[in-house]
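Report on the following structure.
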Amino acid sequence: MASSLLEAVDIKAPVSVCWSLWADVERWPSFLSHVKHVDRIDATTFAWQVSLPAADKAFVAELTEVIVEDRIAWRTTEGVHHAGVVTFHRLSAVESRVTLQIEYEPSGFVEHLGALTNLDATLTNYDLGEFQTMAEHAFANEKL
């Protein structure tokens, strides 16, 4: 049974700042707590190493859609099966909403438990909060 996550965060920074941080896929481990590293294979393909409760996993994902300051979509091609999209919404000249949607296939007891208890949503909200802090800090420093 597939599981789905849909979470959003409002950020006191323009879309351009949020986009520039998120568009650098190799930077994702700095705000996605479960991502240990991302290595570029080519322009659209990346090897990931993630650490989940009770399991470390590796997979290869490809970017399937990149629309500057609007959306980044990806899907796995090897390993853990999932797909996702992050979208960027202008709330004002200096505020944005970043929305993250992930579809995945839980495997094993811990992943099924995470999906059933909304632990995966809690972790996603934590990570979006980390991204919010990073983007707001980057914007504050940009204004100085």
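By order in the structure tokens, chains are A, B, ...; within a chain, residues start at 1; ligands start at 1, following the order shown.
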Could you list, as a list in words, every residue within 7 Å of range 59-61 of chain A, counting only C-alpha atoms and ignoring same-chain residues fewer than 5 positions away?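 With the cut-off at 7 Å, the set is Thr45, Phe46, Ala47, Trp48, Gln49, Trp74, Arg75, Thr76, Thr77, Glu78, Gly79 and Val80 of chain A.
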Deliver the residues from the most recent selection as a file, using N, CA, C and O atoms, as a PDB file, in the first residue's frame.
ATOM      1  N   THR A  45      20.662  13.163 -12.311  1.00  0.00           N
ATOM      2  CA  THR A  45      20.625  11.917 -11.549  1.00  0.00           C
ATOM      3  C   THR A  45      21.560  12.005 -10.347  1.00  0.00           C
ATOM      4  O   THR A  45      22.686  12.475 -10.460  1.00  0.00           O
ATOM      5  N   PHE A  46      21.071  11.506  -9.195  1.00  0.00           N
ATOM      6  CA  PHE A  46      21.805  11.619  -7.945  1.00  0.00           C
ATOM      7  C   PHE A  46      21.721  10.314  -7.162  1.00  0.00           C
ATOM      8  O   PHE A  46      20.680   9.657  -7.140  1.00  0.00           O
ATOM      9  N   ALA A  47      22.823   9.956  -6.510  1.00  0.00           N
ATOM     10  CA  ALA A  47      22.862   8.797  -5.603  1.00  0.00           C
ATOM     11  C   ALA A  47      22.669   9.326  -4.187  1.00  0.00           C
ATOM     12  O   ALA A  47      23.341  10.272  -3.774  1.00  0.00           O
ATOM     13  N   TRP A  48      21.753   8.735  -3.469  1.00  0.00           N
ATOM     14  CA  TRP A  48      21.385   9.169  -2.117  1.00  0.00           C
ATOM     15  C   TRP A  48      21.758   8.113  -1.086  1.00  0.00           C
ATOM     16  O   TRP A  48      21.655   6.913  -1.349  1.00  0.00           O
ATOM     17  N   GLN A  49      22.114   8.559   0.077  1.00  0.00           N
ATOM     18  CA  GLN A  49      22.285   7.697   1.247  1.00  0.00           C
ATOM     19  C   GLN A  49      21.428   8.321   2.345  1.00  0.00           C
ATOM     20  O   GLN A  49      21.622   9.483   2.696  1.00  0.00           O
ATOM     21  N   TRP A  74      10.983  14.697  -8.644  1.00  0.00           N
ATOM     22  CA  TRP A  74      11.943  13.602  -8.788  1.00  0.00           C
ATOM     23  C   TRP A  74      11.241  12.268  -8.588  1.00  0.00           C
ATOM     24  O   TRP A  74      10.124  12.191  -8.085  1.00  0.00           O
ATOM     25  N   ARG A  75      11.935  11.235  -9.010  1.00  0.00           N
ATOM     26  CA  ARG A  75      11.486   9.856  -8.763  1.00  0.00           C
ATOM     27  C   ARG A  75      12.712   8.983  -8.680  1.00  0.00           C
ATOM     28  O   ARG A  75      13.758   9.295  -9.259  1.00  0.00           O
ATOM     29  N   THR A  76      12.583   7.893  -7.956  1.00  0.00           N
ATOM     30  CA  THR A  76      13.714   6.977  -7.852  1.00  0.00           C
ATOM     31  C   THR A  76      13.756   6.071  -9.083  1.00  0.00           C
ATOM     32  O   THR A  76      12.724   5.769  -9.684  1.00  0.00           O
ATOM     33  N   THR A  77      14.972   5.670  -9.410  1.00  0.00           N
ATOM     34  CA  THR A  77      15.171   4.734 -10.515  1.00  0.00           C
ATOM     35  C   THR A  77      15.790   3.429 -10.027  1.00  0.00           C
ATOM     36  O   THR A  77      15.747   2.432 -10.729  1.00  0.00           O
ATOM     37  N   GLU A  78      16.374   3.456  -8.822  1.00  0.00           N
ATOM     38  CA  GLU A  78      16.961   2.261  -8.202  1.00  0.00           C
ATOM     39  C   GLU A  78      16.772   2.369  -6.696  1.00  0.00           C
ATOM     40  O   GLU A  78      16.833   3.452  -6.130  1.00  0.00           O
ATOM     41  N   GLY A  79      16.588   1.228  -6.041  1.00  0.00           N
ATOM     42  CA  GLY A  79      16.502   1.206  -4.585  1.00  0.00           C
ATOM     43  C   GLY A  79      15.115   1.562  -4.082  1.00  0.00           C
ATOM     44  O   GLY A  79      14.112   1.209  -4.690  1.00  0.00           O
ATOM     45  N   VAL A  80      15.049   2.276  -2.972  1.00  0.00           N
ATOM     46  CA  VAL A  80      13.796   2.653  -2.312  1.00  0.00           C
ATOM     47  C   VAL A  80      12.871   3.329  -3.319  1.00  0.00           C
ATOM     48  O   VAL A  80      13.266   4.263  -4.011  1.00  0.00           O
TER      49      VAL A  80
END
Got a sec: who's within 10 Å of Cys18 in chain A, counting only C-alpha atoms, leaving out chain neighbours fewer than 3 positions off, as an mmCIF file with N, CA, C and O atoms, in the first residue's frame?
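This is the output file around20.cif:
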data_model
loop_
_atom_site.group_PDB
_atom_site.id
_atom_site.type_symbol
_atom_site.label_atom_id
_atom_site.label_comp_id
_atom_site.auth_asym_id
_atom_site.auth_seq_id
_atom_site.Cartn_x
_atom_site.Cartn_y
_atom_site.Cartn_z
ATOM 1 N N ILE A 11 7.396 30.827 4.872
ATOM 2 C CA ILE A 11 8.759 31.290 5.137
ATOM 3 C C ILE A 11 8.839 32.789 4.890
ATOM 4 O O ILE A 11 8.338 33.282 3.871
ATOM 5 N N LYS A 12 9.478 33.487 5.804
ATOM 6 C CA LYS A 12 9.680 34.926 5.652
ATOM 7 C C LYS A 12 10.939 35.170 4.820
ATOM 8 O O LYS A 12 11.957 35.644 5.316
ATOM 9 N N ALA A 13 10.825 34.817 3.556
ATOM 10 C CA ALA A 13 11.887 35.005 2.569
ATOM 11 C C ALA A 13 11.233 34.870 1.200
ATOM 12 O O ALA A 13 10.275 34.114 1.040
ATOM 13 N N PRO A 14 11.739 35.597 0.215
ATOM 14 C CA PRO A 14 11.150 35.489 -1.125
ATOM 15 C C PRO A 14 11.401 34.125 -1.757
ATOM 16 O O PRO A 14 12.317 33.395 -1.371
ATOM 17 N N VAL A 15 10.572 33.812 -2.758
ATOM 18 C CA VAL A 15 10.710 32.547 -3.478
ATOM 19 C C VAL A 15 12.122 32.397 -4.028
ATOM 20 O O VAL A 15 12.687 31.304 -4.000
ATOM 21 N N LEU A 21 18.213 27.854 -2.465
ATOM 22 C CA LEU A 21 18.664 26.867 -1.473
ATOM 23 C C LEU A 21 18.227 25.458 -1.854
ATOM 24 O O LEU A 21 18.996 24.509 -1.756
ATOM 25 N N TRP A 22 16.978 25.294 -2.259
ATOM 26 C CA TRP A 22 16.440 23.961 -2.536
ATOM 27 C C TRP A 22 16.921 23.428 -3.884
ATOM 28 O O TRP A 22 17.052 22.228 -4.083
ATOM 29 N N ALA A 23 17.194 24.294 -4.848
ATOM 30 C CA ALA A 23 17.588 23.843 -6.178
ATOM 31 C C ALA A 23 18.941 23.138 -6.185
ATOM 32 O O ALA A 23 19.244 22.380 -7.096
ATOM 33 N N GLU A 69 12.036 28.517 -9.852
ATOM 34 C CA GLU A 69 11.239 29.232 -8.856
ATOM 35 C C GLU A 69 9.789 28.778 -8.797
ATOM 36 O O GLU A 69 8.924 29.490 -8.302
ATOM 37 N N PHE A 88 7.022 26.019 -4.919
ATOM 38 C CA PHE A 88 7.326 27.313 -4.310
ATOM 39 C C PHE A 88 6.217 28.289 -4.690
ATOM 40 O O PHE A 88 5.914 28.455 -5.878
ATOM 41 N N HIS A 89 5.624 28.919 -3.685
ATOM 42 C CA HIS A 89 4.485 29.807 -3.894
ATOM 43 C C HIS A 89 4.797 31.185 -3.323
ATOM 44 O O HIS A 89 5.186 31.292 -2.150
ATOM 45 N N GLU A 95 7.665 36.881 1.293
ATOM 46 C CA GLU A 95 7.176 35.670 1.956
ATOM 47 C C GLU A 95 6.812 34.613 0.931
ATOM 48 O O GLU A 95 6.309 34.927 -0.145
ATOM 49 N N SER A 96 7.048 33.367 1.306
ATOM 50 C CA SER A 96 6.804 32.231 0.418
ATOM 51 C C SER A 96 6.155 31.090 1.186
ATOM 52 O O SER A 96 6.261 31.009 2.409
ATOM 53 N N ARG A 97 5.579 30.198 0.430
ATOM 54 C CA ARG A 97 5.129 28.906 0.973
ATOM 55 C C ARG A 97 5.840 27.828 0.179
ATOM 56 O O ARG A 97 5.835 27.847 -1.052
ATOM 57 N N VAL A 98 6.465 26.913 0.888
ATOM 58 C CA VAL A 98 7.124 25.771 0.263
ATOM 59 C C VAL A 98 6.300 24.541 0.635
ATOM 60 O O VAL A 98 6.036 24.290 1.814
ATOM 61 N N PHE A 131 14.510 23.869 7.048
ATOM 62 C CA PHE A 131 14.643 24.623 5.814
ATOM 63 C C PHE A 131 14.172 26.064 6.019
ATOM 64 O O PHE A 131 14.813 27.009 5.536
ATOM 65 N N GLN A 132 13.076 26.241 6.726
ATOM 66 C CA GLN A 132 12.562 27.581 7.014
ATOM 67 C C GLN A 132 13.618 28.424 7.726
ATOM 68 O O GLN A 132 13.877 29.569 7.343
ATOM 69 N N MET A 134 16.867 28.013 7.706
ATOM 70 C CA MET A 134 17.966 28.271 6.789
ATOM 71 C C MET A 134 17.601 29.389 5.808
ATOM 72 O O MET A 134 18.400 30.302 5.567
ATOM 73 N N ALA A 135 16.409 29.328 5.229
ATOM 74 C CA ALA A 135 15.999 30.321 4.236
ATOM 75 C C ALA A 135 15.833 31.698 4.872
ATOM 76 O O ALA A 135 16.270 32.708 4.295
ATOM 77 N N GLU A 136 15.228 31.755 6.045
ATOM 78 C CA GLU A 136 15.037 33.044 6.709
ATOM 79 C C GLU A 136 16.372 33.647 7.119
ATOM 80 O O GLU A 136 16.580 34.855 7.007
ATOM 81 N N ALA A 138 19.266 33.059 5.554
ATOM 82 C CA ALA A 138 19.906 33.479 4.302
ATOM 83 C C ALA A 138 19.334 34.814 3.831
ATOM 84 O O ALA A 138 20.077 35.699 3.392
ATOM 85 N N PHE A 139 18.012 34.978 3.941
ATOM 86 C CA PHE A 139 17.381 36.228 3.516
ATOM 87 C C PHE A 139 17.790 37.386 4.414
ATOM 88 O O PHE A 139 18.112 38.482 3.939
#
Enumerate, as an MDAnalysis selection string, the complete set of residues in range 24-144 of chain A that a backbone-based DSSP assignment places in alpha helix (DSSP H). chainID A and resid 108:117 119:143
Using only C-alpha atoms, pick whichever of A:Ala8, A:Val25, A:Val17, A:Leu123 has the shortest atom-to-atom distance to Leu52 in chain A.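 Of the candidates, the smallest distance to Leu52 in chain A is held by A:Leu123.
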Atom pair CA of Thr133 in chain A / CA of Pro29 in chain A: separation (Å):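 Here the two named atoms are 14.4 Å from each other.
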Would you please work out which residue, of A:Ser3, A:Lys57, A:Arg27, A:Tyr126, is nearest to His82 in chain A when using only C-alpha atoms?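 Distance minimum relative to His82 in chain A lands on A:Ser3.
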So, counting only C-alpha atoms, which residue among A:Ile72, A:Leu63, A:Leu100, A:Ala55 is closest to Asn125 in chain A?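 For Asn125 in chain A, the nearest of the given residues is A:Leu100.
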Between CA of Gln101 in chain A and CA of Glu130 in chain A, what is the distance in Å, rounded to a tenth?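 Taking CA of Gln101 in chain A as the start and CA of Glu130 in chain A as the end point, the length is 16.7 Å.
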Compile the contact shell of Ser51 in chain A as a list of chain:residue names: residues with an atom at most 10 Å away, counting only C-alpha atoms, same-chain residues fewer than 4 positions apart removed.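 My reading of the contact set: A:Ser33, A:His34, A:Val35, A:Lys36, A:His37, A:Ala55, A:Asp56, A:Lys57, A:Ala58.
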Rank A:Thr64, A:Thr124, A:Ser4, A:Asn141 by their smallest atom-to-atom distance to Glu105 in chain A, using only C-alpha atoms, and report the top residue only.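 Once distances to Glu105 in chain A are computed over only C-alpha atoms, the minimum belongs to A:Ser4.
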Pick out each residue of range 9-141 of chain A that DSSP on the backbone tags as strand (DSSP E); I need them as a VMD selection string. chain A and resid 9 to 11 35 to 40 45 to 52 55 to 67 71 to 79 82 to 92 95 to 104
Report, in Å with one decimal, the straight-line distance from CA of Val38 in chain A to CA of Ala2 in chain A.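 Result for CA of Val38 in chain A versus CA of Ala2 in chain A: 24.3 Å, one decimal.
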Closest of A:Thr99, A:Glu142, A:Ala43, A:Asp70 to Gly129 in chain A - atom-to-atom distances counting only C-alpha atoms: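 Among the listed residues, A:Thr99 lies closest to Gly129 in chain A.
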Of the residues A:Val68, A:Leu6, A:Ala93, A:Ala140, which is the one nearest to Ser20 in chain A, using only C-alpha atoms?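 Among the listed residues, the smallest separation from Ser20 in chain A belongs to A:Val68.
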Can you pull out every residue within 12 Å of Ile67 in chain A, counting only C-alpha atoms, but drop anything in the same chain fewer than 6 positions away, and send it as number ranges by chain? A: 19, 23, 73, 85-88
Based on the selection just made, write N, CA and C atoms of those residues as an mmCIF file, in the first residue's frame.
data_model
loop_
_atom_site.group_PDB
_atom_site.id
_atom_site.type_symbol
_atom_site.label_atom_id
_atom_site.label_comp_id
_atom_site.auth_asym_id
_atom_site.auth_seq_id
_atom_site.Cartn_x
_atom_site.Cartn_y
_atom_site.Cartn_z
ATOM 1 N N TRP A 19 14.142 29.065 -3.476
ATOM 2 C CA TRP A 19 14.516 28.298 -4.669
ATOM 3 C C TRP A 19 16.011 28.056 -4.722
ATOM 4 N N ALA A 23 17.194 24.294 -4.848
ATOM 5 C CA ALA A 23 17.588 23.843 -6.178
ATOM 6 C C ALA A 23 18.941 23.138 -6.185
ATOM 7 N N ALA A 73 10.641 18.215 -9.245
ATOM 8 C CA ALA A 73 10.049 16.886 -9.062
ATOM 9 C C ALA A 73 11.116 15.828 -9.309
ATOM 10 N N VAL A 85 7.672 16.007 -5.096
ATOM 11 C CA VAL A 85 7.719 17.314 -5.722
ATOM 12 C C VAL A 85 7.725 18.368 -4.624
ATOM 13 N N VAL A 86 8.533 19.383 -4.812
ATOM 14 C CA VAL A 86 8.532 20.536 -3.921
ATOM 15 C C VAL A 86 8.116 21.724 -4.787
ATOM 16 N N THR A 87 7.146 22.497 -4.281
ATOM 17 C CA THR A 87 6.664 23.651 -5.026
ATOM 18 C C THR A 87 6.868 24.913 -4.204
ATOM 19 N N PHE A 88 7.022 26.019 -4.919
ATOM 20 C CA PHE A 88 7.326 27.313 -4.310
ATOM 21 C C PHE A 88 6.217 28.289 -4.690
#
